[in-house]
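Notes follow once the structure below has been shown.
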Amino acid sequence: MKAIALESYGAADDLRLVELPDPKVAPGEVLVRVKAAGVNPVDWKLAAGYLDPIMEVRFPLISGWDVAGVVEGVGLDATEFAVGDEVFGYVRKDWAQNGTYAELVAAPVRTLAKKPAALSWEQAAGAPLAGLTAYQTIKRVGLAKGETVLIHAAAGGVGSLGVQIAVALGARVIGTASERNHDFLRELGAEPVTYGDGLADRVRNLAPDGVDAALDFIGEGAVDVSQRLLRERDRVASITDGEAAARGGHYVWVRPDADDLAALAALADAGKLTVPVEHALPLAETAEAWRLSQAGRTRGKIVLTV
């Protein structure tokens, strides 16, 4: 199979399109013919060695955890899926090596769900990690119908999905973004505010009594600002601030979860969740996809087509 791989820790310029053996399919796994693979910042951070203290990485490394594709083979006792099923998933295993930037990937059934019919291959590939991150962060703060939530970096890959999930729950959403993304947030159902100095005052103008919950998808002091606005200081969750729990909030590291993926698919098929894809590049242009991701100015998702 063709795949994008690294022979050692490195950066975008070190990526190579190579031929590698087709993956073996272990019990409890299925073989997926990849249609599209999502690009996330964790992909290039992992490849640079940033996660080395907490995660085993083996080489040659095929990056990528997000996938949308068609089941081509079924391993022993993998009864959840059949050949021909269209699936999407967050294929994170116990170590990193055989990722989704490839024509084929062997995926544990616990990491997959049926692809939502309402989403294209590219949209479905952009949904798993970002969608699960948003969904699980929302669950962690216990957001409920009728509550007001502040979402930091609401126009980004995770934030834009978080806005839609919160709106689908019946929450009022206030989202931070640069002014160029304010109309985009309004389209998703959020009330936009500009991030930066004076954010707390701008949020207070919209919600004089404060907010019920806050989701930090950017860092940069967002937990501290949120706790000044929250009615209950513990109802803030961050995916970037490792000290959030020590300050009384929550730190969230996304987990593969088939049930949560199915919930996202149900929202998409009900017309309540879409995935904004700003860039869809062929597999051979993965290096450029990483550079776009590293620039940090993408609205929505970057995906690779295979």
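So you can find residues: chains in the structure tokens are A, B, ... in the order shown, residues in each start at 1, and ligands are numbered from 1 in order.
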
Any chance you could list, as a PyMOL selection string, the residues in range 198-293 of chain A that come up strand (DSSP E or B) when DSSP is run on the backbone?
chain A and resi 211+213-216+230+236-238+250-251+277-282

Review point. Ala118 in chain A: which residues within 8 Å, counting only C-alpha atoms, same-chain residues fewer than 3 positions away excluded, as a ChimeraX atom specification?
Key: /A:268-269,271

| Looking at A:Arg172, A:Arg204, A:Lys45, A:Lys139, which one is nearest to Arg228 in chain A, with distances taken over only C-alpha atoms? |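 Of all the options, A:Arg204 lies closest to Arg228 in chain A.
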
For Phe217 in chain A, please output as an mmCIF file with N, CA, C and O atoms, in the first residue's frame all residues within 9 Å (counting only C-alpha atoms; exclusion window: fewer than 2 positions along the same chain).
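Saved to result01.cif:
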```
data_model
loop_
_atom_site.group_PDB
_atom_site.id
_atom_site.type_symbol
_atom_site.label_atom_id
_atom_site.label_comp_id
_atom_site.auth_asym_id
_atom_site.auth_seq_id
_atom_site.Cartn_x
_atom_site.Cartn_y
_atom_site.Cartn_z
ATOM 1 N N ALA A 134 -14.839 17.616 21.276
ATOM 2 C CA ALA A 134 -15.901 18.552 21.648
ATOM 3 C C ALA A 134 -16.983 17.860 22.464
ATOM 4 O O ALA A 134 -17.420 18.360 23.503
ATOM 5 N N ILE A 151 -17.460 29.183 24.681
ATOM 6 C CA ILE A 151 -16.542 28.312 23.960
ATOM 7 C C ILE A 151 -15.401 29.157 23.404
ATOM 8 O O ILE A 151 -15.616 30.053 22.584
ATOM 9 N N HIS A 152 -14.186 28.873 23.869
ATOM 10 C CA HIS A 152 -12.997 29.571 23.393
ATOM 11 C C HIS A 152 -12.492 28.914 22.109
ATOM 12 O O HIS A 152 -12.447 27.693 22.001
ATOM 13 N N ALA A 153 -12.081 29.732 21.130
ATOM 14 C CA ALA A 153 -11.649 29.253 19.805
ATOM 15 C C ALA A 153 -12.794 28.526 19.113
ATOM 16 O O ALA A 153 -12.643 27.423 18.599
ATOM 17 N N ALA A 154 -13.933 29.175 19.078
ATOM 18 C CA ALA A 154 -15.162 28.530 18.606
ATOM 19 C C ALA A 154 -15.188 28.312 17.100
ATOM 20 O O ALA A 154 -16.012 27.526 16.608
ATOM 21 N N GLY A 156 -12.563 27.169 15.322
ATOM 22 C CA GLY A 156 -11.568 26.175 14.941
ATOM 23 C C GLY A 156 -12.184 24.813 14.689
ATOM 24 O O GLY A 156 -13.399 24.619 14.743
ATOM 25 N N VAL A 158 -12.134 21.988 16.449
ATOM 26 C CA VAL A 158 -12.872 21.451 17.590
ATOM 27 C C VAL A 158 -14.009 22.387 17.976
ATOM 28 O O VAL A 158 -15.140 21.964 18.204
ATOM 29 N N GLY A 159 -13.702 23.671 18.035
ATOM 30 C CA GLY A 159 -14.696 24.633 18.486
ATOM 31 C C GLY A 159 -15.940 24.691 17.624
ATOM 32 O O GLY A 159 -17.067 24.777 18.130
ATOM 33 N N LEU A 215 -15.741 26.000 27.763
ATOM 34 C CA LEU A 215 -14.898 25.022 27.089
ATOM 35 C C LEU A 215 -13.686 25.743 26.535
ATOM 36 O O LEU A 215 -13.820 26.668 25.723
ATOM 37 N N GLY A 219 -6.284 27.492 25.214
ATOM 38 C CA GLY A 219 -5.266 27.807 26.206
ATOM 39 C C GLY A 219 -5.147 29.306 26.382
ATOM 40 O O GLY A 219 -6.143 30.034 26.365
ATOM 41 N N ALA A 222 -7.326 30.973 29.031
ATOM 42 C CA ALA A 222 -8.782 30.875 28.892
ATOM 43 C C ALA A 222 -9.448 30.309 30.140
ATOM 44 O O ALA A 222 -10.581 30.681 30.455
ATOM 45 N N ALA A 237 -13.721 23.096 31.283
ATOM 46 C CA ALA A 237 -12.899 21.979 30.826
ATOM 47 C C ALA A 237 -11.977 22.465 29.721
ATOM 48 O O ALA A 237 -12.392 23.241 28.850
ATOM 49 N N SER A 238 -10.719 22.027 29.773
ATOM 50 C CA SER A 238 -9.720 22.456 28.808
ATOM 51 C C SER A 238 -9.073 21.254 28.143
ATOM 52 O O SER A 238 -8.840 20.220 28.775
ATOM 53 N N ILE A 239 -8.760 21.408 26.856
ATOM 54 C CA ILE A 239 -8.000 20.369 26.156
ATOM 55 C C ILE A 239 -6.552 20.794 25.959
ATOM 56 O O ILE A 239 -5.757 20.035 25.399
ATOM 57 N N THR A 240 -6.198 21.997 26.422
ATOM 58 C CA THR A 240 -4.853 22.523 26.192
ATOM 59 C C THR A 240 -4.104 22.865 27.468
ATOM 60 O O THR A 240 -2.878 22.900 27.464
ATOM 61 N N ASP A 241 -4.824 23.125 28.538
ATOM 62 C CA ASP A 241 -4.214 23.583 29.792
ATOM 63 C C ASP A 241 -4.121 22.425 30.774
ATOM 64 O O ASP A 241 -5.101 22.052 31.416
#
```

query: Quick one: distance from CA of Leu51 in chain A to CA of Trp95 in chain A in Å, one decimal?
result: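 Straight-line distance from CA of Leu51 in chain A to CA of Trp95 in chain A works out to 11.1 Å.
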
Go through range 80-164 of chain A and flag each residue having an atom no more than 6 Å from range 244-265 of chain A; for those, report the closest pair of atoms plus their distance in Å to one decimal, using only C-alpha atoms, ordered by chain and rising number, as a Markdown table.
```
| residue | atom | partner | partner_atom | distance |
| --- | --- | --- | --- | --- |
| A:Tyr90 | CA | A:Pro256 | CA | 5.8 |
| A:Arg110 | CA | A:Ala258 | CA | 5.4 |
| A:Thr111 | CA | A:Pro256 | CA | 5.2 |
| A:Leu112 | CA | A:Ala258 | CA | 5.5 |
| A:Ala113 | CA | A:Ala258 | CA | 5.6 |
| A:Pro116 | CA | A:Ala265 | CA | 4.8 |
| A:Thr133 | CA | A:Val254 | CA | 5.1 |
```

Env of Ala127 in chain A: 10 Å cut, atoms = only C-alpha atoms, seq-sep filter 5 positions within chain, self excluded. Answer as an mmCIF file with N, CA, C and O atoms, in the first residue's frame.
```cif
data_model
loop_
_atom_site.group_PDB
_atom_site.id
_atom_site.type_symbol
_atom_site.label_atom_id
_atom_site.label_comp_id
_atom_site.auth_asym_id
_atom_site.auth_seq_id
_atom_site.Cartn_x
_atom_site.Cartn_y
_atom_site.Cartn_z
ATOM 1 N N ALA A 37 -8.511 11.028 5.225
ATOM 2 C CA ALA A 37 -7.922 11.008 6.568
ATOM 3 C C ALA A 37 -7.859 12.438 7.096
ATOM 4 O O ALA A 37 -7.461 13.356 6.370
ATOM 5 N N GLY A 38 -8.265 12.617 8.333
ATOM 6 C CA GLY A 38 -8.230 13.940 8.931
ATOM 7 C C GLY A 38 -6.835 14.306 9.399
ATOM 8 O O GLY A 38 -6.049 13.457 9.808
ATOM 9 N N ASP A 66 -7.510 10.007 12.358
ATOM 10 C CA ASP A 66 -8.868 10.167 11.834
ATOM 11 C C ASP A 66 -9.005 9.477 10.486
ATOM 12 O O ASP A 66 -8.126 9.620 9.613
ATOM 13 N N VAL A 67 -10.120 8.787 10.274
ATOM 14 C CA VAL A 67 -10.314 8.070 9.015
ATOM 15 C C VAL A 67 -11.781 8.021 8.632
ATOM 16 O O VAL A 67 -12.669 8.033 9.493
ATOM 17 N N ALA A 68 -12.015 7.980 7.313
ATOM 18 C CA ALA A 68 -13.318 7.612 6.759
ATOM 19 C C ALA A 68 -13.035 6.694 5.582
ATOM 20 O O ALA A 68 -12.162 6.994 4.752
ATOM 21 N N PHE A 88 -16.400 5.537 9.862
ATOM 22 C CA PHE A 88 -15.467 6.607 10.207
ATOM 23 C C PHE A 88 -14.997 6.365 11.626
ATOM 24 O O PHE A 88 -15.658 5.661 12.400
ATOM 25 N N GLY A 89 -13.840 6.925 11.981
ATOM 26 C CA GLY A 89 -13.348 6.623 13.314
ATOM 27 C C GLY A 89 -12.102 7.380 13.709
ATOM 28 O O GLY A 89 -11.437 8.036 12.898
ATOM 29 N N TYR A 90 -11.832 7.274 14.998
ATOM 30 C CA TYR A 90 -10.635 7.841 15.643
ATOM 31 C C TYR A 90 -9.759 6.656 16.017
ATOM 32 O O TYR A 90 -9.917 6.059 17.077
ATOM 33 N N LEU A 119 -22.753 13.183 5.622
ATOM 34 C CA LEU A 119 -21.429 13.779 5.465
ATOM 35 C C LEU A 119 -20.687 13.154 4.293
ATOM 36 O O LEU A 119 -20.775 11.950 4.048
ATOM 37 N N GLU A 122 -14.802 13.481 2.988
ATOM 38 C CA GLU A 122 -13.892 14.461 3.584
ATOM 39 C C GLU A 122 -14.443 14.980 4.910
ATOM 40 O O GLU A 122 -13.699 15.118 5.896
ATOM 41 N N LEU A 132 -15.225 14.104 18.732
ATOM 42 C CA LEU A 132 -15.171 13.421 20.030
ATOM 43 C C LEU A 132 -14.614 14.342 21.111
ATOM 44 O O LEU A 132 -15.081 14.327 22.253
ATOM 45 N N THR A 133 -13.605 15.125 20.757
ATOM 46 C CA THR A 133 -13.040 16.063 21.733
ATOM 47 C C THR A 133 -14.109 17.030 22.221
ATOM 48 O O THR A 133 -14.277 17.254 23.429
ATOM 49 N N GLY A 157 -11.307 23.841 14.413
ATOM 50 C CA GLY A 157 -11.785 22.499 14.095
ATOM 51 C C GLY A 157 -12.604 21.882 15.204
ATOM 52 O O GLY A 157 -13.674 21.303 14.960
ATOM 53 N N VAL A 158 -12.134 21.988 16.449
ATOM 54 C CA VAL A 158 -12.872 21.451 17.590
ATOM 55 C C VAL A 158 -14.009 22.387 17.976
ATOM 56 O O VAL A 158 -15.140 21.964 18.204
ATOM 57 N N LEU A 161 -17.303 22.370 15.917
ATOM 58 C CA LEU A 161 -18.149 21.213 16.209
ATOM 59 C C LEU A 161 -18.760 21.340 17.599
ATOM 60 O O LEU A 161 -19.918 20.981 17.814
ATOM 61 N N LEU A 261 -19.034 8.235 18.912
ATOM 62 C CA LEU A 261 -19.008 8.420 17.458
ATOM 63 C C LEU A 261 -20.401 8.240 16.860
ATOM 64 O O LEU A 261 -20.815 9.015 15.987
ATOM 65 N N LEU A 264 -22.426 11.298 17.378
ATOM 66 C CA LEU A 264 -22.073 12.346 16.428
ATOM 67 C C LEU A 264 -22.700 12.064 15.067
ATOM 68 O O LEU A 264 -23.218 12.978 14.405
ATOM 69 N N ALA A 265 -22.654 10.794 14.649
ATOM 70 C CA ALA A 265 -23.255 10.428 13.369
ATOM 71 C C ALA A 265 -24.751 10.710 13.366
ATOM 72 O O ALA A 265 -25.312 11.186 12.361
ATOM 73 N N ALA A 268 -25.332 14.345 12.852
ATOM 74 C CA ALA A 268 -25.093 14.723 11.456
ATOM 75 C C ALA A 268 -26.267 14.319 10.576
ATOM 76 O O ALA A 268 -26.744 15.109 9.744
ATOM 77 N N LEU A 273 -25.434 18.666 12.693
ATOM 78 C CA LEU A 273 -23.978 18.722 12.781
ATOM 79 C C LEU A 273 -23.382 18.569 11.393
ATOM 80 O O LEU A 273 -23.670 17.594 10.692
ATOM 81 N N THR A 274 -22.584 19.537 10.993
ATOM 82 C CA THR A 274 -21.815 19.408 9.767
ATOM 83 C C THR A 274 -20.359 19.687 10.103
ATOM 84 O O THR A 274 -20.040 20.157 11.201
ATOM 85 N N VAL A 275 -19.462 19.368 9.177
ATOM 86 C CA VAL A 275 -18.031 19.529 9.425
ATOM 87 C C VAL A 275 -17.468 20.491 8.388
ATOM 88 O O VAL A 275 -17.339 20.131 7.214
ATOM 89 N N PRO A 276 -17.141 21.711 8.780
ATOM 90 C CA PRO A 276 -16.541 22.646 7.832
ATOM 91 C C PRO A 276 -15.146 22.159 7.438
ATOM 92 O O PRO A 276 -14.285 21.959 8.285
ATOM 93 N N VAL A 277 -14.921 21.944 6.156
ATOM 94 C CA VAL A 277 -13.613 21.522 5.646
ATOM 95 C C VAL A 277 -13.048 22.672 4.819
ATOM 96 O O VAL A 277 -13.595 23.024 3.775
ATOM 97 N N LYS A 301 -11.688 22.256 9.251
ATOM 98 C CA LYS A 301 -10.795 21.103 9.218
ATOM 99 C C LYS A 301 -9.918 21.056 7.951
ATOM 100 O O LYS A 301 -10.261 21.621 6.922
#
```

Would you please work out which residue, of A:Ile165, A:Val87, A:Met55, A:Ala287, is nearest to Lys114 in chain A when using only C-alpha atoms?
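Counting only C-alpha atoms, the residue closest to Lys114 in chain A is A:Val87.
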
Kindly provide the residues of range 58-124 of chain A that approach range 7-11 of chain A to within 7 Å, each paired with its closest atom pair and their distance in Å to one decimal, based on only C-alpha atoms, listed by chain and increasing number, as a tab-separated table.
```
residue	atom	partner	partner_atom	distance
A:Phe59	CA	A:Glu7	CA	5.7
A:Pro60	CA	A:Glu7	CA	4.7
A:Leu61	CA	A:Glu7	CA	6.5
```

Using only C-alpha atoms, determine which residues lie at most 12 Å from Arg202 in chain A, disregarding the query and same-chain residues fewer than 2 positions distant; provide the list as a list of chain:residue names.
A:Leu150, A:Ile174, A:Gly175, A:Thr176, A:Glu191, A:Pro192, A:Val193, A:Thr194, A:Tyr195, A:Gly196, A:Asp197, A:Gly198, A:Leu199, A:Ala200, A:Arg204, A:Asn205, A:Leu206, A:Ala207, A:Pro208, A:Gly210, A:Val225, A:Leu229

Review point. Residues of range 86-296 of chain A in alpha helix (DSSP H) according to DSSP, as a PyMOL selection string?
Key: chain A and resi 121-126+128-141+157-169+182-188+199-206+222-229+258-269+286-295

One decimal place gives the CA of Ala295 in chain A-CA of Asp216 in chain A separation as 19.4 Å
